[in-house]
Structures are given as C-alpha cells and as structure tokens.
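*Asks:* Just dropping this structure here.
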Amino acid sequence: MTLSGDAVYAPSENIVAREIEGEIIIVPLVAGIGDMEDELFTLNETGKAVWDKLDGRRSLYQVISELAAQYQAAEGEIDKDVLGLVAELVRRRMLVAVEPA
Amino acid sequence: MKPASPSPYAAKVRASHYSLWKDCVPLLGRLDFELTERCNSDCIHCCINLPRDNARARERELKTAEIQEILTEAAALGALSVRFTGGEPLLREDFEDLYLFSRRLGLKVLLFTNARLITPELADLFGRIPPLEKIEITVYGMKRQSYEGVSRVPGSYAEFRRGLDLLLKRGVPFVVKGALLPPNRGEINAFEEWAASLPAMDRPPGYSMFFELRCRHDAPAKNRLIESLRPPLEEWVAMFARRRQSYLQEMREFCGKFIGPPGDRLFVCGAGRAPCVDAYGALQPCLLLRHPETVYDLKNGSLKDALTNFFPHLRQAKATNPDYLARCARCFLKGLCEQCPAKSWAEHGTLDTPVEYLCRVAHVQARDLGLIGSGECAWEVENWKERIKRI
C-alpha cells in the first residue's frame, strides 16, 4: 500500500477506540472488522504514540515531524513506524482517509 | 521515538484473555445488568420472573437515561463487556437503544434471552453491529409439548424457533443451554445432537439443574414447586457418567486448584468484582445475592464507590452461624459445593445457613469421585489433600 505524506487519516466510525489503564484498545463496532466475535485489538507503545496524532487534522508529514521532535529522533527513523502502522490500520478498516479539516 | 518496535503495531487479543497479560487490571471487567424482572415466559422453575405486563415492576425499573449513565461509568472504569439479562431483557422497549449505546461505548454485549422476541429487525442489527459475544439462549424443550410444559405459554415454542432461525439466517453467533426439567428430561440426547449442529457451539451445552428458590422471597407456593423440580441425586450423578472420562479429567484439575476448607470468611468468590445491577438500580455483588445488607444503591452513589469501598468491605465479612462454622467452614468440599451467601439468602434469608440440598449434592458427588466414604461427612476429614490425589 502506498501512502501519501499529504494524506490525513482519522479513526473509522466503524470502531470504538478506548484508552484503558494507559493502553489503546480498539473495539470493532460493525461486522467484518474482527475475524471472531471475541476479538479486540490493542496498540503497542509505538502504535499508541502514532494513534494519538491521527485525528483527522494532521497530515502524515505533520505526524512524522511532531513525533520526531517529541522523541528527539530523525524523521527518517520515524516514518517507517508511522507509515507501517497507518497501512496496517487502513487495511484493517480502522483508519480512513479524510479531507483535511 | 523509542523503541521502534520490530513487532506489529496492532495486536489481536481475545477479550476474554485481556486482563491476563496486563500489568494493571481495570477496576471493573464486566458488568451484569438485569434489565427487567418481567418475562414473556412463566417458567415452572424460574426464581425471578414477573408477568410481562406487571405495571408496578415496570414503573420501578430504571429509566433509559439512568441505565445509560451506569453503562457510561462502567466503560470509564475499564469494563470491556456488559451482560444483559432478566427476566427477558428483550421485553424492554428501549433494548435496541441500550444495545447500541453499549456498543458505541466500546462494550461487548452478552445477551441472555429466550429468543422469543427476536425480530427480523433486531437480528439484522445483531448482524450489522455484532454483540462481539455469542448470544446465550436457554432451550426448554425440543418439542412444543415439552417446551411449553416449562414455559407455560402457548405459542412460545414456535416463537423461540423463529427467533433462532432469524439469527441462523444472518449468521449471528449464539449458543444454547438447557434447563433440565421433568417435561424435557427424556430429550437430552436429542438436544445435545441438535446443539452440536449449531455453527457457534464449540462445546456441549451446559444445563441448569439445581434451581434457585425465588430470590425476592415473594412466592412460597412457587418455592415448593421449584424444590420438587430439582433432580433426584442419582439422576444428577448419572448425568456425569455420560462423559465419565472427560468429567474425571476436569475434576482432577478442578479439585487440585479450588477445593479446600473456606474457613469463616463468607465470601471466597470475589463478590462484587463482576457485580450486577438489578432492574431497579441496586448493585448486587453477583447475579443472585439480593440480601439488603449486601447491595449498594446506585441511585445514591456510584459504581466506583461501590467497587472501591462497599464491596471490599463486604468481602471481609465472616460467618457467625455456629452450624455453618461447624460444617461449611471446615468442609473441604467447598468448590464442589454450591453453598454460598447467595444460596443461603435464597433458601433461608440469611447469609450463612447451610443449604442441606447443596450439602447432599456435594457429598454425593464426592462419594462418586472417591473423595469420601459412605456415611462420611466431609467436614470431619483431616487428610483431604491426600484424598484429592485419589481422583
């Protein structure tokens, strides 16, 4: 999947993202998101840091840039994590591309 | 950013295992919600049901907004699921609203129902927005005569079958369970064969057999009927003999972990960790226990207060009944025996009175497993750890 750095993503209306005890839990709302009836999804530490910025306003460039500043890392080290997570969540229908606000 | 994890960013996890790998367990895992005590069936064995059109019960029931407020707090406290039960929860006209509200909070919904009120529209909703838990449907008979011999409502069998068909056609996962009663006792094999053919059944169905007395203490005559419906002990042991090897294996593991004298602590079950809101706003430590001293008034408090103050205090309660202290507190069959404050409340109106019927059941089971000899009382056994190894 090819992602554009200008693209803006937001959580899908087909899921409910909950923060429980510091963890992001993604609960499918509509059929077809989880494979089984008992399935939830959880984000690891890296995933949570990225998820928190996927708010329908920031472009992927902005997300990468902000995370690089926040974690004092080169953008080249960050973009792999961001693009990897976004691609995975889009594939799972948990994130959707939106028009920039 | 650290660490740049080499592992996937999002992991699937079975919700039922969720708390096992977390360092910090949420205050509330699941909330039970008894949406109404009213029911469209009039089952011969039921400990709670009121007539579907009981105006007083309906008037007293929590309003939609009150239920939503409690659900919102449950989700904020970390609950992952809510169980809707009753009575028949689908009798509530706002059921769909409550269901959608719960799912939009990110809660999974476990629904206990007789399936009679499932409509095409409701089945469509479950298909489109799945509960994320298998619906649990109690089956009272495999034929109209046996089913309605239990439900005592003409036409109820056809409604139940129609509800099941609606779910099946839409691929909504559900499991079935039985209530072993005189009208259907001859149908066990047919029931289990049919249950095995249902797509979401991944194990044999469970049964209820040791029926609770009326938990509101509201119908002495019904209590006598319920007592008469409990199976003879020999019949109950025969149930286990049907799958003897797997039963013995389960018992070996179970007894190794959970059996032993409870001492004078009344609650050895974690009472209040998965509490139940009754239809009127009282928070019970479990689905069954309604003793006034053990319930918390949610209309004048909060879930958080109940979970952090009220129930932890309750769990420290000790038995004082001399008979209980002489027998149950010293009995190593605790674990096999269903004696608990809820059962004591239902049978005797107290928290710590031995329930003779349950005591007999546990002793019959223990003799069958070779844990005690004929005529032996389990509370007099000293070397119970060695005996467990005999199974």
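Letters A, B, ... go to the chains of the structure tokens in the order shown; residues in each chain start at 1; ligands are counted from 1 in the same order.
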Please determine the contact residues of chain A with respect to chain B at a cut-off of 6 Å, counting only C-alpha atoms, and supply them as a list in words.
*Replies:*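 Residues of chain A within 6 Å of chain B, counting only C-alpha atoms: Val16, Ile20, Val27, Leu29, Val30, Ala31, Glu37, Asp38, Glu39, Leu40, Phe41, Thr42, Leu43, Asn44, Gly47, Tyr71, Ala73 and Leu85 of chain A.
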*Asks:* Got a sec: who's within 7 Å of B:Arg152, counting only C-alpha atoms, leaving out chain neighbours fewer than 4 positions off, as a PDB file with N, CA and C atoms, in the first residue's frame?
*Replies:*
```pdb
ATOM      1  N   SER B  41     -42.226 -15.432  29.372  1.00  0.00           N
ATOM      2  CA  SER B  41     -42.500 -16.828  29.724  1.00  0.00           C
ATOM      3  C   SER B  41     -42.866 -16.897  31.206  1.00  0.00           C
ATOM      4  N   ASP B  42     -43.383 -18.027  31.610  1.00  0.00           N
ATOM      5  CA  ASP B  42     -43.770 -18.221  33.012  1.00  0.00           C
ATOM      6  C   ASP B  42     -43.196 -19.559  33.468  1.00  0.00           C
ATOM      7  N   CYS B  43     -41.883 -19.682  33.331  1.00  0.00           N
ATOM      8  CA  CYS B  43     -41.245 -20.996  33.512  1.00  0.00           C
ATOM      9  C   CYS B  43     -41.472 -21.554  34.913  1.00  0.00           C
ATOM     10  N   GLU B 148     -43.322 -25.939  26.029  1.00  0.00           N
ATOM     11  CA  GLU B 148     -44.404 -25.164  26.649  1.00  0.00           C
ATOM     12  C   GLU B 148     -44.857 -25.770  27.975  1.00  0.00           C
TER      13      GLU B 148
END
```
*Asks:* In chain A, what's strand (DSSP E) per DSSP? Answer as a PyMOL selection string?
*Replies:* chain A and resi 8-11+15-20+23-28+39-43+95-98
*Asks:* Pick out the closest residue to A:Thr46 from this set: A:Glu13, A:Met1, A:Asp81, A:Val96. Count only C-alpha atoms.
*Replies:*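 Closest candidate: A:Asp81.
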*Asks:* Any idea what the distance is between atom CA of B:Glu37 and atom CA of B:Thr113?
*Replies:*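 Between these atoms lies a distance of 12.5 Å.
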*Asks:* Residues at most 10 Å from B:Ala282, counting only C-alpha atoms, excluding those fewer than 2 positions away in the same chain, as number ranges by chain?
*Replies:* B: 62, 276-280, 284-285, 290, 292, 294-300
*Asks:* Go ahead and save the residues from that selection, with N, CA and C atoms, as a JSON list (two decimals), in the first residue's frame.
*Replies:*
```
[["chain", "number", "residue", "atom", "x", "y", "z"],
["B", 62, "LEU", "N", -35.37, 0.95, 36.16],
["B", 62, "LEU", "CA", -34.53, 2.08, 35.79],
["B", 62, "LEU", "C", -34.95, 2.62, 34.43],
["B", 276, "CYS", "N", -23.67, -6.99, 39.67],
["B", 276, "CYS", "CA", -24.90, -7.00, 38.87],
["B", 276, "CYS", "C", -25.82, -5.87, 39.31],
["B", 277, "VAL", "N", -26.24, -5.07, 38.35],
["B", 277, "VAL", "CA", -27.24, -4.04, 38.63],
["B", 277, "VAL", "C", -28.61, -4.67, 38.46],
["B", 278, "ASP", "N", -29.44, -4.58, 39.49],
["B", 278, "ASP", "CA", -30.78, -5.15, 39.31],
["B", 278, "ASP", "C", -31.67, -4.16, 38.56],
["B", 279, "ALA", "N", -32.88, -4.56, 38.31],
["B", 279, "ALA", "CA", -33.75, -3.77, 37.43],
["B", 279, "ALA", "C", -34.09, -2.40, 38.00],
["B", 280, "TYR", "N", -33.83, -2.23, 39.31],
["B", 280, "TYR", "CA", -34.28, -1.01, 39.97],
["B", 280, "TYR", "C", -33.13, -0.13, 40.47],
["B", 284, "GLN", "N", -25.75, -5.42, 43.07],
["B", 284, "GLN", "CA", -25.55, -6.64, 43.86],
["B", 284, "GLN", "C", -24.13, -7.14, 43.67],
["B", 285, "PRO", "N", -23.60, -7.88, 44.65],
["B", 285, "PRO", "CA", -22.26, -8.43, 44.47],
["B", 285, "PRO", "C", -22.20, -9.49, 43.38],
["B", 290, "ARG", "N", -29.21, -10.87, 46.82],
["B", 290, "ARG", "CA", -30.02, -9.66, 46.96],
["B", 290, "ARG", "C", -30.26, -9.30, 48.43],
["B", 292, "PRO", "N", -30.38, -7.37, 51.58],
["B", 292, "PRO", "CA", -30.30, -5.90, 51.63],
["B", 292, "PRO", "C", -28.97, -5.36, 52.16],
["B", 294, "THR", "N", -26.12, -6.48, 51.49],
["B", 294, "THR", "CA", -25.02, -6.74, 50.56],
["B", 294, "THR", "C", -25.16, -5.97, 49.24],
["B", 295, "VAL", "N", -26.23, -5.16, 49.13],
["B", 295, "VAL", "CA", -26.42, -4.42, 47.88],
["B", 295, "VAL", "C", -26.19, -2.93, 48.10],
["B", 296, "TYR", "N", -25.81, -2.28, 47.03],
["B", 296, "TYR", "CA", -25.44, -0.86, 47.05],
["B", 296, "TYR", "C", -26.42, -0.09, 46.18],
["B", 297, "ASP", "N", -26.92, 1.01, 46.68],
["B", 297, "ASP", "CA", -27.92, 1.80, 45.96],
["B", 297, "ASP", "C", -27.23, 2.74, 44.96],
["B", 298, "LEU", "N", -27.30, 2.37, 43.70],
["B", 298, "LEU", "CA", -26.62, 3.20, 42.69],
["B", 298, "LEU", "C", -27.32, 4.53, 42.45],
["B", 299, "LYS", "N", -28.57, 4.63, 42.86],
["B", 299, "LYS", "CA", -29.26, 5.90, 42.67],
["B", 299, "LYS", "C", -28.71, 6.96, 43.63],
["B", 300, "ASN", "N", -28.05, 6.50, 44.66],
["B", 300, "ASN", "CA", -27.46, 7.45, 45.62],
["B", 300, "ASN", "C", -25.96, 7.21, 45.77]]
```
*Asks:* Closest to A:Val63 among A:Ser12, A:Arg18, A:Val82, A:Gly76, using only C-alpha atoms?
*Replies:*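 Answer, going by the shortest atom-to-atom distance: A:Val82.
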*Asks:* What lies within 8 Å of stretch 186-192 of chain B using only C-alpha atoms, ignoring chain neighbours under 4 positions off, as a list of chain:residue names?
*Replies:*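 Here the qualifying residues turn out to be B:Gly141, B:Met142, B:Ala196, B:Pro204, B:Pro205.
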*Asks:* Output N, CA and C atoms for every residue in that selection, as a short mmCIF file (atom, residue, chain, number, x, y, z; two decimals), in the first residue's frame.
*Replies:*
```cif
data_model
loop_
_atom_site.label_atom_id
_atom_site.label_comp_id
_atom_site.auth_asym_id
_atom_site.auth_seq_id
_atom_site.Cartn_x
_atom_site.Cartn_y
_atom_site.Cartn_z
N GLY B 141 -37.07 -27.12 25.70
CA GLY B 141 -37.58 -28.38 25.18
C GLY B 141 -37.35 -28.45 23.69
N MET B 142 -37.31 -29.68 23.19
CA MET B 142 -37.07 -29.87 21.77
C MET B 142 -38.38 -29.97 20.98
N ALA B 196 -25.06 -29.67 18.86
CA ALA B 196 -23.77 -29.86 18.19
C ALA B 196 -23.81 -29.43 16.73
N PRO B 204 -20.16 -29.02 24.41
CA PRO B 204 -21.52 -29.47 24.74
C PRO B 204 -22.25 -28.41 25.55
N PRO B 205 -23.56 -28.36 25.44
CA PRO B 205 -24.30 -27.32 26.16
C PRO B 205 -24.27 -27.53 27.66
#
```
*Asks:* Work out how far apart atom CA of B:Asp94 and atom CA of B:Arg56 are and give it in Å to one decimal.
*Replies:*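 Atom CA of B:Arg56 lies at a distance of 17.8 Å from atom CA of B:Asp94.
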